[in-house]
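*Asks:* What follows is data.cif; its format and atoms are mmCIF, C-alpha atoms.
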```cif
data_entry
#
loop_
_atom_site.label_atom_id
_atom_site.label_comp_id
_atom_site.auth_asym_id
_atom_site.auth_seq_id
_atom_site.Cartn_x
_atom_site.Cartn_y
_atom_site.Cartn_z
CA MET A 196 76.78 99.67 89.31
CA THR A 197 78.04 102.15 91.88
CA THR A 198 77.24 99.66 94.63
CA GLU A 199 79.31 96.99 92.88
CA ARG A 200 82.18 99.41 92.45
CA LEU A 201 82.11 100.24 96.13
CA ALA A 202 82.01 96.56 97.03
CA ARG A 203 85.05 95.82 94.86
CA LEU A 204 86.96 98.74 96.34
CA ARG A 205 86.09 97.67 99.87
CA ALA A 206 87.05 94.04 99.20
CA ALA A 207 90.43 95.04 97.72
CA LEU A 208 91.32 97.26 100.67
CA GLU A 209 90.16 94.69 103.24
CA GLN A 210 92.12 91.91 101.60
CA GLU A 211 95.40 93.81 101.25
CA LEU A 212 95.46 96.03 104.33
CA ALA A 213 93.18 94.36 106.89
CA PRO A 214 91.85 97.68 108.17
CA THR A 215 90.22 97.77 111.58
CA ARG A 216 88.14 100.67 110.33
CA LEU A 217 87.27 101.49 106.75
CA ASP A 218 85.03 104.30 105.58
CA ILE A 219 84.42 104.84 101.89
CA THR A 220 82.42 107.73 100.50
CA ASP A 221 81.47 107.83 96.85
CA GLU A 222 81.97 111.40 95.65
CA SER A 223 81.58 110.62 91.97
CA ALA A 224 78.49 112.80 91.68
CA ALA A 225 80.48 115.88 92.67
CA HIS A 226 82.85 115.28 89.76
CA ALA A 227 80.34 114.24 87.09
CA GLY A 228 81.00 115.94 83.79
CA HIS A 229 84.76 116.33 83.81
CA ALA A 230 86.81 114.14 81.53
CA GLY A 231 88.20 111.69 84.07
CA ALA A 232 84.81 111.09 85.61
CA ARG A 233 83.87 108.99 82.61
CA GLU A 234 86.70 106.59 83.39
CA GLY A 235 85.64 105.73 86.92
CA GLY A 236 84.55 106.96 90.30
CA HIS A 237 85.96 109.39 92.81
CA PHE A 238 86.10 107.94 96.30
CA ARG A 239 87.08 109.24 99.71
CA VAL A 240 88.75 106.48 101.70
CA SER A 241 89.56 106.70 105.37
CA LEU A 242 91.16 103.67 106.94
CA VAL A 243 92.88 102.49 110.08
CA SER A 244 95.37 99.65 109.77
CA ALA A 245 98.24 98.25 111.78
CA ALA A 246 100.03 97.83 108.45
CA PHE A 247 100.69 101.59 108.42
CA ARG A 248 102.78 101.50 111.60
CA GLY A 249 106.21 103.06 111.16
CA ARG A 250 105.47 104.25 107.63
CA PRO A 251 105.29 107.87 106.47
CA GLN A 252 102.16 109.10 104.69
CA ILE A 253 103.70 108.77 101.26
CA GLU A 254 104.31 105.06 101.84
CA ARG A 255 100.83 104.57 103.28
CA HIS A 256 99.30 106.14 100.18
CA ARG A 257 101.45 103.90 97.97
CA MET A 258 100.14 100.88 99.91
CA VAL A 259 96.54 102.00 99.35
CA TYR A 260 97.16 102.59 95.65
CA ALA A 261 98.87 99.21 95.37
CA ALA A 262 95.90 97.50 97.05
CA VAL A 263 93.45 99.01 94.57
CA ALA A 264 95.78 98.84 91.54
CA PRO A 265 93.57 96.39 89.63
CA LEU A 266 90.67 98.85 89.96
CA LEU A 267 92.53 102.01 88.98
CA HIS A 268 91.43 103.38 85.64
CA GLY A 269 88.49 101.01 85.70
CA ASP A 270 86.21 101.37 88.70
CA VAL A 271 88.37 104.00 90.32
CA HIS A 272 89.48 107.25 88.76
CA ALA A 273 90.60 109.13 91.86
CA LEU A 274 90.99 108.61 95.58
CA ASN A 275 91.16 110.89 98.55
CA ILE A 276 93.14 108.91 101.11
CA ARG A 277 93.39 109.27 104.87
CA ALA A 278 95.48 106.54 106.41
CA PHE A 279 95.99 106.06 110.14
CA THR A 280 97.52 103.54 112.50
CA PRO A 281 95.36 102.27 115.38
CA GLU A 282 97.45 104.40 117.80
CA GLU A 283 96.75 107.59 115.84
CA VAL A 284 93.00 107.36 116.27
CA THR A 285 92.79 106.44 119.92
CA MET B 22 115.82 111.87 75.16
CA ASP B 23 114.69 108.83 77.06
CA ILE B 24 111.79 109.36 79.41
CA VAL B 25 113.73 108.88 82.65
CA GLU B 26 116.30 111.46 81.53
CA ARG B 27 113.46 113.76 80.57
CA ILE B 28 111.91 113.37 84.04
CA LYS B 29 115.25 114.00 85.75
CA SER B 30 115.81 117.09 83.66
CA GLU B 31 112.36 118.44 84.61
CA LEU B 32 113.03 117.71 88.28
CA SER B 33 116.40 119.43 88.26
CA SER B 34 115.05 122.50 86.46
CA SER B 35 113.42 123.93 89.59
CA PRO B 36 113.40 123.15 93.33
CA VAL B 37 109.61 122.84 93.20
CA VAL B 38 107.89 121.07 90.32
CA LEU B 39 104.19 120.24 90.10
CA PHE B 40 103.01 117.72 87.53
CA MET B 41 99.35 118.52 87.16
CA LYS B 42 96.26 118.34 85.00
CA GLY B 43 95.95 121.67 83.24
CA THR B 44 97.84 124.80 84.26
CA PRO B 45 97.92 126.78 87.51
CA ASP B 46 95.52 129.36 86.10
CA PHE B 47 93.36 126.81 84.29
CA PRO B 48 93.54 123.58 86.28
CA GLN B 49 91.47 120.78 84.80
CA CYS B 50 91.01 118.75 87.95
CA GLY B 51 89.94 119.73 91.44
CA PHE B 52 92.88 117.97 93.08
CA SER B 53 95.35 119.84 90.89
CA ALA B 54 93.54 123.12 91.63
CA GLN B 55 93.71 122.54 95.40
CA THR B 56 97.41 121.71 95.26
CA VAL B 57 98.15 124.89 93.30
CA ALA B 58 96.15 126.88 95.85
CA ALA B 59 98.21 125.43 98.71
CA LEU B 60 101.49 126.24 96.95
CA ARG B 61 100.35 129.78 96.22
CA ALA B 62 99.19 130.25 99.81
CA CYS B 63 102.74 129.38 100.86
CA GLY B 64 104.10 131.99 98.45
CA ALA B 65 106.00 129.30 96.56
CA ASP B 66 107.63 129.69 93.16
CA PHE B 67 107.03 126.50 91.30
CA LYS B 68 107.36 125.08 87.86
CA HIS B 69 104.39 123.18 86.47
CA VAL B 70 104.10 120.51 83.80
CA ASN B 71 100.69 119.94 82.24
CA ILE B 72 100.57 116.16 81.88
CA PHE B 73 97.67 116.39 79.41
CA GLU B 74 100.17 117.87 76.94
CA GLU B 75 102.74 115.16 77.64
CA PRO B 76 101.20 111.69 77.27
CA GLU B 77 104.54 109.88 77.32
CA LEU B 78 105.72 111.74 80.39
CA ARG B 79 102.34 111.15 82.05
CA GLU B 80 102.80 107.36 81.88
CA GLY B 81 106.57 107.39 82.44
CA LEU B 82 106.40 109.46 85.61
CA LYS B 83 103.87 107.09 87.17
CA ARG B 84 106.39 104.27 86.83
CA TYR B 85 109.35 106.42 87.85
CA SER B 86 107.68 107.58 91.06
CA ASN B 87 105.60 104.48 91.79
CA TRP B 88 102.63 106.84 92.18
CA PRO B 89 99.62 106.23 89.95
CA THR B 90 97.77 109.55 90.00
CA TYR B 91 98.13 113.30 89.44
CA PRO B 92 98.95 115.87 90.70
CA GLN B 93 102.44 114.91 91.89
CA LEU B 94 104.42 117.48 93.85
CA TYR B 95 108.23 117.32 93.88
CA ILE B 96 110.52 119.35 96.11
CA ASN B 97 114.26 119.10 95.49
CA GLY B 98 113.62 116.23 93.10
CA GLU B 99 111.78 114.12 95.70
CA LEU B 100 108.12 113.17 95.46
CA VAL B 101 106.32 114.80 98.38
CA GLY B 102 102.95 113.34 97.47
CA GLY B 103 99.67 114.07 95.81
CA CYS B 104 96.89 116.44 96.76
CA ASP B 105 95.96 114.85 100.11
CA ILE B 106 99.50 114.89 101.45
CA ALA B 107 100.20 118.39 100.13
CA LEU B 108 97.04 119.74 101.80
CA GLU B 109 97.74 117.95 105.06
CA MET B 110 101.27 119.38 105.08
CA TYR B 111 99.89 122.81 104.25
CA ARG B 112 97.58 122.67 107.27
CA SER B 113 100.37 121.52 109.58
CA GLY B 114 102.81 124.19 108.32
CA ASP B 115 105.24 121.52 107.06
CA LEU B 116 104.65 122.47 103.43
CA LYS B 117 105.63 126.10 103.90
CA ARG B 118 108.68 125.07 105.92
CA LEU B 119 109.82 122.63 103.23
CA LEU B 120 109.18 125.15 100.45
CA ASP B 121 111.02 127.93 102.27
CA GLU B 122 114.02 125.65 102.82
CA ALA B 123 114.01 124.61 99.17
CA HIS B 124 113.90 128.23 97.99
CA ALA B 125 116.57 129.29 100.46
CA ALA B 126 118.91 126.56 99.23
CA ALA B 127 118.26 127.27 95.54
#
```
Taking this structure as input, can you express it in the form of structure tokens?
*Replies:*
Amino acid sequence: MTTERLARLRAALEQELAPTRLDITDESAAHAGHAGAREGGHFRVSLVSAAFRGRPQIERHRMVYAAVAPLLHGDVHALNIRAFTPEEVT
Amino acid sequence: MDIVERIKSELSSSPVVLFMKGTPDFPQCGFSAQTVAALRACGADFKHVNIFEEPELREGLKRYSNWPTYPQLYINGELVGGCDIALEMYRSGDLKRLLDEAHAAA
């Protein structure tokens, strides 16, 4: 189940943002037991995409949330987001 | 009061407003707790709204701000971001600078 969740999250991000690097860590276990954890997983997402060029962090986060919108409140309860342009990681 | 007016009135009530899960002393989510800790480390005065006590506001603010999660930190009525952005700005010193400016202007 967790593997499927991860796969759906990865597919959504790849489709919408075409990241050149995408790391997803499932941190759901660390949050097990609190109310929101029953709704879906906690994930740490780090991604590099040319789509972030010229956009401030707040817009980058909105883009990530928009990409995973269909999964929010289902597979995904919370995200930690780190969003970079290719230039920022070289 | 309609929900957008309600949101605007909350945002104009203080230069720094944190919409969070729980309260600063009893946060009910790790992300809310970390954001409170960053604000306190900057010595900021801030108003909080516990969105668990305000279901209508909780949904309305997500649409208003085009931001689907909590916490949401506002300075001078503008969404600064959620926990990740607040912490990143805390580490860089930008958060304290922005908070100090907001308090100085208030």
*Asks:* Specify as a list in words all residues of chain A found within 7 Å of chain B, counting only C-alpha atoms.
*Replies:*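 Putting it all together, I get Ile253, Arg257, Asn275 and Ile276 of chain A.
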*Asks:* Could you write out as a PyMOL selection string the residues that the PyMOL selection byres ((chain A and resi 201-218) around 6) matches in the shown file?
*Replies:* chain A and resi 198-200+219+240-244+262-263
*Asks:* Report the residues retrieved by the PyMOL selection byres ((chain B and resi 78) around 12) from the displayed file, expressed as a short mmCIF file (atom, residue, chain, number, x, y, z; two decimals) with C-alpha atoms, keeping the file's coordinate frame.
*Replies:*
```cif
data_model
loop_
_atom_site.label_atom_id
_atom_site.label_comp_id
_atom_site.auth_asym_id
_atom_site.auth_seq_id
_atom_site.Cartn_x
_atom_site.Cartn_y
_atom_site.Cartn_z
CA MET B 22 115.82 111.87 75.16
CA ASP B 23 114.69 108.83 77.06
CA ILE B 24 111.79 109.36 79.41
CA VAL B 25 113.73 108.88 82.65
CA GLU B 26 116.30 111.46 81.53
CA ARG B 27 113.46 113.76 80.57
CA ILE B 28 111.91 113.37 84.04
CA LYS B 29 115.25 114.00 85.75
CA SER B 30 115.81 117.09 83.66
CA GLU B 31 112.36 118.44 84.61
CA PHE B 40 103.01 117.72 87.53
CA MET B 41 99.35 118.52 87.16
CA VAL B 70 104.10 120.51 83.80
CA ASN B 71 100.69 119.94 82.24
CA ILE B 72 100.57 116.16 81.88
CA PHE B 73 97.67 116.39 79.41
CA GLU B 74 100.17 117.87 76.94
CA GLU B 75 102.74 115.16 77.64
CA PRO B 76 101.20 111.69 77.27
CA GLU B 77 104.54 109.88 77.32
CA ARG B 79 102.34 111.15 82.05
CA GLU B 80 102.80 107.36 81.88
CA GLY B 81 106.57 107.39 82.44
CA LEU B 82 106.40 109.46 85.61
CA LYS B 83 103.87 107.09 87.17
CA ARG B 84 106.39 104.27 86.83
CA TYR B 85 109.35 106.42 87.85
CA SER B 86 107.68 107.58 91.06
CA TYR B 91 98.13 113.30 89.44
#
```
*Asks:* Could you check which of A:Ala246, A:His237, A:Thr197, A:Asp221 is closest to Ala273 of chain A, using only C-alpha atoms?
*Replies:*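 Closest candidate: A:His237.
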*Asks:* Just to confirm, what's the straight-line distance from atom CA of Leu32 of chain B to atom CA of His69 of chain B in Å (one decimal)?
*Replies:* 10.4 Å
*Asks:* At what distance in Å, to one decimal, does atom CA of Ala54 of chain B lie from atom CA of Thr280 of chain A?
*Replies:* 28.9 Å
*Asks:* Rank nothing, just name the residue among B:Val37, B:Ile96, B:Ala123, B:Leu108 nearest to Asp66 of chain B, using only C-alpha atoms.
*Replies:* B:Val37
*Asks:* Please put the answer as lines of an AutoDock Vina configuration file: centre and edge lengths, in Å with one decimal, of a box along x, y and z that encloses all listed atoms of segment 199-202 of chain A plus 8 Å on each side.
*Replies:*
```
center_x = 80.7
center_y = 98.4
center_z = 94.7
size_x = 18.9
size_y = 19.7
size_z = 20.6
```
*Asks:* Tell me which of A:His256, A:Ala245, A:Leu266, A:Thr220 sits closest to Pro281 of chain A, counting only C-alpha atoms.
*Replies:*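 Smallest distance to Pro281 of chain A is found for A:Ala245.
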*Asks:* When you count only C-alpha atoms, which of these residues is closest to Phe247 of chain A: A:Leu274, A:Val259, A:Ala224, A:Leu267?
*Replies:*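 Result for the nearest residue to Phe247 of chain A: A:Val259.
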*Asks:* To one decimal place in Å, what is the distance between atom CA of Ala261 of chain A and atom CA of Ser33 of chain B?
*Replies:*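 Distance between the two atoms: 27.7 Å.
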